Amino acid sequence: MKFIVSSSYLLKQLQILGGVINNNNTLQVLDNFLFEINQNELKVSASDLETTITSTLEIESEAEGSIAIPAKLLLDTLKTFPEQPLTFIADGNNSIELSSSHGKYALAYADGNEFPNPVELEDPSKTIVPAEVLATAISKTIFASGNDDLRPVMSGVFFQFTTDSLTFVATDAHKLVKYKREDIQASQTAEFIMPKKPLNLLKGILASSDSEVAIEYNDTNAKFTFDNTELICRLIDGKYPNYEAVIPKENPNVLSIERNQFLSSVKRVSIFSNKTTHQVKLKIAGAELNISAEDVDYSNKAEERLTCDYQGDDMQIGFNSRFLVEMLNNLNAEDVQLEMSLPNRAGILTPKDGLDEGESITMLVMPVMLNS
């Protein structure tokens, strides 16, 4: 079996696929890339049993067959080559020879038939989403998902498709993000929870794609197909919490402020906050916002004053500065709005500009109790 392929083209595809491979796999064959050759087409797959990702590459070959090649060894080798054609020749004694302009390298390979087959989706529903929209939806929500093994449903992103809109939600019970697109619809209503790992892989690949993504899904698995790539993953089993119930509807106190100014101020002041609570205090009266933090144990404190536009009663409210910073970093608006009702109720952060037609984003952050 022999094929010729460009070194940088192969490396680029394998680096994407390599993200799915675990450091300690239960099956030894999962430490490999599966190469399936069908004349001028090479399909490369990587899997961790939960997620399988496949890319189709163009090569020069007249052969057919499948082999599993050690992923780390191949990636480490390819990274050292300048751009050039590479020739792979597999002989019968489980060794594949790689020839470059510099020399020859032999890698042991395994039988491709040992590699687990990807799941076939039975009776899936299908929705088409522009790659750019899906990439944005993932990056705007994934940071808010949880890491608690006891609450697996919160460790992913909730996809909610209806005939009117697509909604993506993530929460860890301290913060919540809801990203909605009313300019894109699904053919039928569906809900599922996507795990974080395949979403991070998708986010990385989709950032540079301008194609459309076909999303197929049933109760247990989802499949994403675009360009020359296909990703299949197992969904998180369980019912997602009723997120609408935790978003306060009546928020009479509304603060409007320039995002960058607010972000810089919170970052600076939070350096002086307690290292356990990361608490910053917002004190709002009239057109003045006072941001302060204090670490009593070390006698550190900081305070900054900003001018803002505020409608509502004078109030003091405490937030975890890390959550505020994360949220403000994930908005690309000039100005943001923070809506509040009471010091013990969640604040709602929304962008005032920078959104496309039909696009909306709502971020909710739980307050922390102020040290009186």
# chains A, B, ... in the order shown; residues from 1 in each chain; ligands from 1
$ residues_around --residues "Lys180 in chain A" --least-positions-apart "5" --cutoff "7 Å" --atoms "only C-alpha atoms" --output "count of residues only"
6
$ residues_around --residues "Pro252 in chain A" --least-positions-apart "4" --cutoff "10 Å" --atoms "only C-alpha atoms" --output "list in words"
Gln311, Gly312, Asp313, Glu339, Met340, Ser341 and Leu342 of chain A
$ write_last_selection --atoms "all heavy atoms" --output "PDB file, in the first residue's frame"
ATOM      1  N   GLN A 311     -30.565  54.134  35.893  1.00  0.00           N
ATOM      2  CA  GLN A 311     -31.961  54.403  36.249  1.00  0.00           C
ATOM      3  C   GLN A 311     -32.353  53.410  37.335  1.00  0.00           C
ATOM      4  O   GLN A 311     -32.237  52.196  37.130  1.00  0.00           O
ATOM      5  CB  GLN A 311     -32.888  54.190  35.038  1.00  0.00           C
ATOM      6  CG  GLN A 311     -33.258  55.461  34.292  1.00  0.00           C
ATOM      7  CD  GLN A 311     -32.192  55.860  33.288  1.00  0.00           C
ATOM      8  OE1 GLN A 311     -31.672  55.002  32.601  1.00  0.00           O
ATOM      9  NE2 GLN A 311     -31.853  57.137  33.222  1.00  0.00           N
ATOM     10  N   GLY A 312     -32.783  53.918  38.481  1.00  0.00           N
ATOM     11  CA  GLY A 312     -33.206  53.007  39.541  1.00  0.00           C
ATOM     12  C   GLY A 312     -32.839  53.527  40.907  1.00  0.00           C
ATOM     13  O   GLY A 312     -32.323  54.648  41.064  1.00  0.00           O
ATOM     14  N   ASP A 313     -33.091  52.696  41.923  1.00  0.00           N
ATOM     15  CA  ASP A 313     -32.787  53.078  43.310  1.00  0.00           C
ATOM     16  C   ASP A 313     -31.297  52.928  43.574  1.00  0.00           C
ATOM     17  O   ASP A 313     -30.639  52.057  42.991  1.00  0.00           O
ATOM     18  CB  ASP A 313     -33.549  52.166  44.287  1.00  0.00           C
ATOM     19  CG  ASP A 313     -35.057  52.200  44.035  1.00  0.00           C
ATOM     20  OD1 ASP A 313     -35.533  53.270  43.617  1.00  0.00           O
ATOM     21  OD2 ASP A 313     -35.720  51.164  44.233  1.00  0.00           O
ATOM     22  N   GLU A 339     -28.770  44.767  34.492  1.00  0.00           N
ATOM     23  CA  GLU A 339     -30.086  44.955  35.105  1.00  0.00           C
ATOM     24  C   GLU A 339     -30.135  44.220  36.435  1.00  0.00           C
ATOM     25  O   GLU A 339     -29.712  43.058  36.524  1.00  0.00           O
ATOM     26  CB  GLU A 339     -31.183  44.403  34.188  1.00  0.00           C
ATOM     27  CG  GLU A 339     -31.267  45.078  32.839  1.00  0.00           C
ATOM     28  CD  GLU A 339     -32.194  44.330  31.906  1.00  0.00           C
ATOM     29  OE1 GLU A 339     -33.351  44.083  32.298  1.00  0.00           O
ATOM     30  OE2 GLU A 339     -31.766  43.981  30.794  1.00  0.00           O
ATOM     31  N   MET A 340     -30.670  44.889  37.457  1.00  0.00           N
ATOM     32  CA  MET A 340     -30.713  44.300  38.799  1.00  0.00           C
ATOM     33  C   MET A 340     -32.053  44.606  39.458  1.00  0.00           C
ATOM     34  O   MET A 340     -32.708  45.591  39.113  1.00  0.00           O
ATOM     35  CB  MET A 340     -29.585  44.883  39.662  1.00  0.00           C
ATOM     36  CG  MET A 340     -28.194  44.577  39.144  1.00  0.00           C
ATOM     37  SD  MET A 340     -26.948  45.738  39.747  1.00  0.00           S
ATOM     38  CE  MET A 340     -27.337  47.227  38.847  1.00  0.00           C
ATOM     39  N   SER A 341     -32.432  43.743  40.422  1.00  0.00           N
ATOM     40  CA  SER A 341     -33.644  44.045  41.194  1.00  0.00           C
ATOM     41  C   SER A 341     -33.278  44.271  42.659  1.00  0.00           C
ATOM     42  O   SER A 341     -33.494  45.336  43.205  1.00  0.00           O
ATOM     43  CB  SER A 341     -34.664  42.917  41.049  1.00  0.00           C
ATOM     44  OG  SER A 341     -34.096  41.671  41.411  1.00  0.00           O
ATOM     45  N   LEU A 342     -32.656  43.262  43.287  1.00  0.00           N
ATOM     46  CA  LEU A 342     -32.276  43.351  44.705  1.00  0.00           C
ATOM     47  C   LEU A 342     -30.844  42.851  44.869  1.00  0.00           C
ATOM     48  O   LEU A 342     -30.356  42.076  44.042  1.00  0.00           O
ATOM     49  CB  LEU A 342     -33.216  42.480  45.549  1.00  0.00           C
ATOM     50  CG  LEU A 342     -34.694  42.918  45.591  1.00  0.00           C
ATOM     51  CD1 LEU A 342     -35.564  41.776  46.098  1.00  0.00           C
ATOM     52  CD2 LEU A 342     -34.864  44.158  46.467  1.00  0.00           C
TER      53      LEU A 342
END
$ residues_around --residues "Thr54 in chain A" --least-positions-apart "5" --cutoff "6 Å" --atoms "only C-alpha atoms" --output "ChimeraX atom specification"
/A:44-45,229-230
$ residues_around --residues "Leu282 in chain A" --least-positions-apart "6" --cutoff "8 Å" --atoms "only C-alpha atoms" --output "mmCIF file with N, CA and C atoms, in the first residue's frame"
data_model
loop_
_atom_site.group_PDB
_atom_site.id
_atom_site.type_symbol
_atom_site.label_atom_id
_atom_site.label_comp_id
_atom_site.auth_asym_id
_atom_site.auth_seq_id
_atom_site.Cartn_x
_atom_site.Cartn_y
_atom_site.Cartn_z
ATOM 1 N N LEU A 289 -20.767 55.150 39.572
ATOM 2 C CA LEU A 289 -20.574 53.747 39.953
ATOM 3 C C LEU A 289 -19.265 53.656 40.724
ATOM 4 N N ASN A 290 -19.361 53.140 41.940
ATOM 5 C CA ASN A 290 -18.181 52.987 42.781
ATOM 6 C C ASN A 290 -17.864 51.484 42.855
ATOM 7 N N ILE A 291 -16.675 51.093 42.387
ATOM 8 C CA ILE A 291 -16.270 49.674 42.412
ATOM 9 C C ILE A 291 -15.176 49.512 43.461
ATOM 10 N N SER A 292 -15.393 48.619 44.421
ATOM 11 C CA SER A 292 -14.375 48.464 45.470
ATOM 12 C C SER A 292 -14.166 46.995 45.825
ATOM 13 N N GLN A 316 -26.282 48.687 46.596
ATOM 14 C CA GLN A 316 -24.967 48.058 46.729
ATOM 15 C C GLN A 316 -25.164 46.574 46.460
ATOM 16 N N ILE A 317 -24.284 46.014 45.617
ATOM 17 C CA ILE A 317 -24.393 44.589 45.294
ATOM 18 C C ILE A 317 -22.999 44.021 45.109
ATOM 19 N N GLY A 318 -22.784 42.788 45.527
ATOM 20 C CA GLY A 318 -21.465 42.155 45.404
ATOM 21 C C GLY A 318 -21.475 41.068 44.343
ATOM 22 N N PHE A 319 -20.392 40.980 43.571
ATOM 23 C CA PHE A 319 -20.262 39.915 42.570
ATOM 24 C C PHE A 319 -18.875 39.281 42.670
#
$ select_by_dssp --residues "range 154-307 of chain A" --states "strand (DSSP E)" --output "ChimeraX atom specification"
/A:156-161,166-171,175-181,190-195,212-217,221-226,229-234,253-258,279-285,288-295,300-307
$ residues_around --residues "range 74-88 of chain A" --least-positions-apart "2" --cutoff "12 Å" --atoms "only C-alpha atoms" --output "ChimeraX atom specification"
/A:1-19,31-35,37,59-61,63,67-72,90-91,95-109
$ atom_distance --atom1 "CA of Ser273 in chain A" --atom2 "CA of Lys175 in chain A"
19.4 Å
$ residues_around --residues "Thr141 in chain A" --least-positions-apart "3" --cutoff "9 Å" --atoms "only C-alpha atoms" --output "PDB file with C-alpha atoms, in the first residue's frame"
ATOM      1  CA  THR A 136     -20.030  32.024  17.883  1.00  0.00           C
ATOM      2  CA  ALA A 137     -22.731  30.129  19.811  1.00  0.00           C
ATOM      3  CA  ILE A 138     -20.134  27.741  21.247  1.00  0.00           C
ATOM      4  CA  ALA A 144     -20.201  29.246  31.547  1.00  0.00           C
ATOM      5  CA  SER A 145     -20.648  25.457  31.638  1.00  0.00           C
ATOM      6  CA  VAL A 157     -24.070  23.190  26.442  1.00  0.00           C
ATOM      7  CA  PHE A 168     -27.783  27.640  23.229  1.00  0.00           C
ATOM      8  CA  VAL A 169     -27.511  27.701  27.038  1.00  0.00           C
ATOM      9  CA  ALA A 170     -24.724  26.976  29.529  1.00  0.00           C
ATOM     10  CA  THR A 171     -24.688  27.324  33.318  1.00  0.00           C
ATOM     11  CA  LEU A 176     -25.651  31.426  33.056  1.00  0.00           C
ATOM     12  CA  VAL A 177     -25.418  32.378  29.382  1.00  0.00           C
ATOM     13  CA  LYS A 178     -28.235  32.145  26.865  1.00  0.00           C
ATOM     14  CA  TYR A 179     -27.379  32.758  23.205  1.00  0.00           C
ATOM     15  CA  ASN A 330     -17.031  37.308  26.005  1.00  0.00           C
TER      16      ASN A 330
END
$ select_by_dssp --residues "range 63-211 of chain A" --states "helix (DSSP H, G or I)" --output "PyMOL selection string"
chain A and resi 71-78+112-114+131-144+152-155+196-206
$ write_last_selection --atoms "N, CA, C and O atoms" --output "short mmCIF file (atom, residue, chain, number, x, y, z; two decimals), in the first residue's frame"
data_model
loop_
_atom_site.label_atom_id
_atom_site.label_comp_id
_atom_site.auth_asym_id
_atom_site.auth_seq_id
_atom_site.Cartn_x
_atom_site.Cartn_y
_atom_site.Cartn_z
N ALA A 71 -0.36 7.93 16.80
CA ALA A 71 -0.66 9.34 16.60
C ALA A 71 0.49 10.25 17.03
O ALA A 71 0.92 11.13 16.29
N LYS A 72 0.99 10.02 18.25
CA LYS A 72 2.00 10.94 18.79
C LYS A 72 3.29 10.89 17.97
O LYS A 72 3.87 11.92 17.62
N LEU A 73 3.71 9.68 17.63
CA LEU A 73 4.95 9.50 16.86
C LEU A 73 4.83 10.18 15.49
O LEU A 73 5.74 10.89 15.05
N LEU A 74 3.68 10.00 14.84
CA LEU A 74 3.49 10.59 13.51
C LEU A 74 3.43 12.12 13.59
O LEU A 74 4.07 12.82 12.81
N LEU A 75 2.70 12.65 14.57
CA LEU A 75 2.60 14.11 14.73
C LEU A 75 3.96 14.73 15.03
O LEU A 75 4.34 15.73 14.44
N ASP A 76 4.70 14.12 15.96
CA ASP A 76 6.02 14.64 16.32
C ASP A 76 6.95 14.67 15.12
O ASP A 76 7.76 15.58 14.95
N THR A 77 6.83 13.65 14.26
CA THR A 77 7.68 13.58 13.06
C THR A 77 7.29 14.66 12.05
O THR A 77 8.12 15.39 11.53
N LEU A 78 5.98 14.76 11.80
CA LEU A 78 5.50 15.72 10.78
C LEU A 78 5.82 17.16 11.15
O LEU A 78 6.08 17.99 10.28
N GLY A 112 -6.11 -1.90 10.80
CA GLY A 112 -7.18 -0.91 10.86
C GLY A 112 -8.52 -1.48 11.34
O GLY A 112 -9.37 -0.76 11.85
N ASN A 113 -8.69 -2.80 11.17
CA ASN A 113 -9.96 -3.42 11.59
C ASN A 113 -10.13 -3.45 13.10
O ASN A 113 -11.24 -3.67 13.60
N GLU A 114 -9.03 -3.25 13.86
CA GLU A 114 -9.14 -3.23 15.32
C GLU A 114 -9.77 -1.93 15.82
O GLU A 114 -10.21 -1.83 16.96
N ALA A 131 -21.47 27.85 9.71
CA ALA A 131 -20.33 27.53 10.60
C ALA A 131 -20.02 28.69 11.54
O ALA A 131 -19.76 28.49 12.73
N GLU A 132 -20.09 29.91 11.01
CA GLU A 132 -19.76 31.09 11.80
C GLU A 132 -20.73 31.24 13.00
O GLU A 132 -20.32 31.57 14.11
N VAL A 133 -22.01 30.96 12.75
CA VAL A 133 -23.02 31.06 13.81
C VAL A 133 -22.78 30.02 14.90
O VAL A 133 -22.81 30.32 16.10
N LEU A 134 -22.49 28.79 14.47
CA LEU A 134 -22.24 27.72 15.45
C LEU A 134 -20.98 28.01 16.26
O LEU A 134 -20.96 27.83 17.48
N ALA A 135 -19.94 28.49 15.59
CA ALA A 135 -18.68 28.82 16.29
C ALA A 135 -18.93 29.91 17.33
O ALA A 135 -18.43 29.84 18.46
N THR A 136 -19.71 30.94 16.95
CA THR A 136 -20.03 32.02 17.88
C THR A 136 -20.85 31.50 19.06
O THR A 136 -20.57 31.82 20.22
N ALA A 137 -21.86 30.68 18.76
CA ALA A 137 -22.73 30.13 19.81
C ALA A 137 -21.92 29.34 20.83
O ALA A 137 -22.13 29.45 22.05
N ILE A 138 -20.95 28.55 20.34
CA ILE A 138 -20.13 27.74 21.25
C ILE A 138 -19.24 28.64 22.09
O ILE A 138 -19.17 28.51 23.32
N SER A 139 -18.53 29.59 21.44
CA SER A 139 -17.57 30.40 22.21
C SER A 139 -18.27 31.33 23.19
O SER A 139 -17.72 31.67 24.24
N LYS A 140 -19.51 31.76 22.87
CA LYS A 140 -20.24 32.65 23.79
C LYS A 140 -20.79 31.91 25.01
O LYS A 140 -21.13 32.54 26.01
N THR A 141 -20.96 30.59 24.91
CA THR A 141 -21.62 29.86 26.01
C THR A 141 -20.70 28.92 26.78
O THR A 141 -20.84 28.77 27.99
N ILE A 142 -19.73 28.31 26.11
CA ILE A 142 -19.01 27.17 26.71
C ILE A 142 -18.28 27.55 28.01
O ILE A 142 -18.17 26.74 28.92
N PHE A 143 -17.83 28.80 28.11
CA PHE A 143 -17.09 29.20 29.32
C PHE A 143 -17.97 29.16 30.57
O PHE A 143 -17.46 29.11 31.69
N ALA A 144 -19.29 29.21 30.39
CA ALA A 144 -20.20 29.25 31.55
C ALA A 144 -20.63 27.86 31.99
O ALA A 144 -21.32 27.71 33.00
N PRO A 152 -23.70 16.13 35.77
CA PRO A 152 -23.17 16.07 34.41
C PRO A 152 -23.96 16.91 33.40
O PRO A 152 -23.38 17.42 32.45
N VAL A 153 -25.27 17.09 33.61
CA VAL A 153 -26.04 17.87 32.63
C VAL A 153 -25.54 19.31 32.53
O VAL A 153 -25.65 19.95 31.49
N MET A 154 -24.96 19.81 33.65
CA MET A 154 -24.47 21.19 33.62
C MET A 154 -23.04 21.29 33.06
O MET A 154 -22.51 22.39 32.94
N SER A 155 -22.43 20.15 32.73
CA SER A 155 -21.05 20.21 32.23
C SER A 155 -21.01 20.33 30.71
O SER A 155 -19.96 20.21 30.10
N LYS A 196 -18.53 19.11 26.53
CA LYS A 196 -17.59 20.20 26.29
C LYS A 196 -16.47 19.84 25.31
O LYS A 196 -16.09 20.66 24.48
N LYS A 197 -15.96 18.63 25.41
CA LYS A 197 -14.78 18.28 24.60
C LYS A 197 -15.04 18.39 23.09
O LYS A 197 -14.29 19.07 22.38
N PRO A 198 -16.11 17.75 22.57
CA PRO A 198 -16.35 17.91 21.12
C PRO A 198 -16.67 19.36 20.74
O PRO A 198 -16.33 19.79 19.64
N LEU A 199 -17.28 20.11 21.65
CA LEU A 199 -17.58 21.51 21.34
C LEU A 199 -16.30 22.33 21.21
O LEU A 199 -16.19 23.18 20.33
N ASN A 200 -15.33 22.07 22.09
CA ASN A 200 -14.05 22.79 21.98
C ASN A 200 -13.35 22.44 20.67
O ASN A 200 -12.72 23.30 20.05
N LEU A 201 -13.44 21.16 20.26
CA LEU A 201 -12.86 20.76 18.97
C LEU A 201 -13.55 21.50 17.82
O LEU A 201 -12.89 22.06 16.94
N LEU A 202 -14.88 21.52 17.87
CA LEU A 202 -15.64 22.21 16.81
C LEU A 202 -15.31 23.69 16.76
O LEU A 202 -15.12 24.26 15.69
N LYS A 203 -15.22 24.30 17.94
CA LYS A 203 -14.94 25.74 18.00
C LYS A 203 -13.64 26.06 17.27
O LYS A 203 -13.55 27.01 16.50
N GLY A 204 -12.62 25.23 17.50
CA GLY A 204 -11.32 25.44 16.88
C GLY A 204 -11.36 25.28 15.37
O GLY A 204 -10.76 26.06 14.63
N ILE A 205 -12.11 24.28 14.89
CA ILE A 205 -12.13 24.02 13.44
C ILE A 205 -13.03 25.02 12.72
O ILE A 205 -12.71 25.50 11.64
N LEU A 206 -14.17 25.34 13.33
CA LEU A 206 -15.16 26.18 12.65
C LEU A 206 -14.73 27.63 12.53
O LEU A 206 -15.23 28.36 11.68
#
$ atom_distance --atom1 "CA of Ser55 in chain A" --atom2 "CA of Val213 in chain A"
14.3 Å
$ residues_around --residues "Tyr298 in chain A" --least-positions-apart "2" --cutoff "10 Å" --atoms "only C-alpha atoms" --output "PyMOL selection string"
chain A and resi 272-274+294-296+300-301
$ atom_distance --atom1 "CA of Gln160 in chain A" --atom2 "CA of Ala190 in chain A"
6.1 Å
$ closest_residue --among "A:Asp48, A:Glu41, A:Glu216, A:Asp172" --to "Thr127 in chain A" --atoms "only C-alpha atoms"
A:Glu216
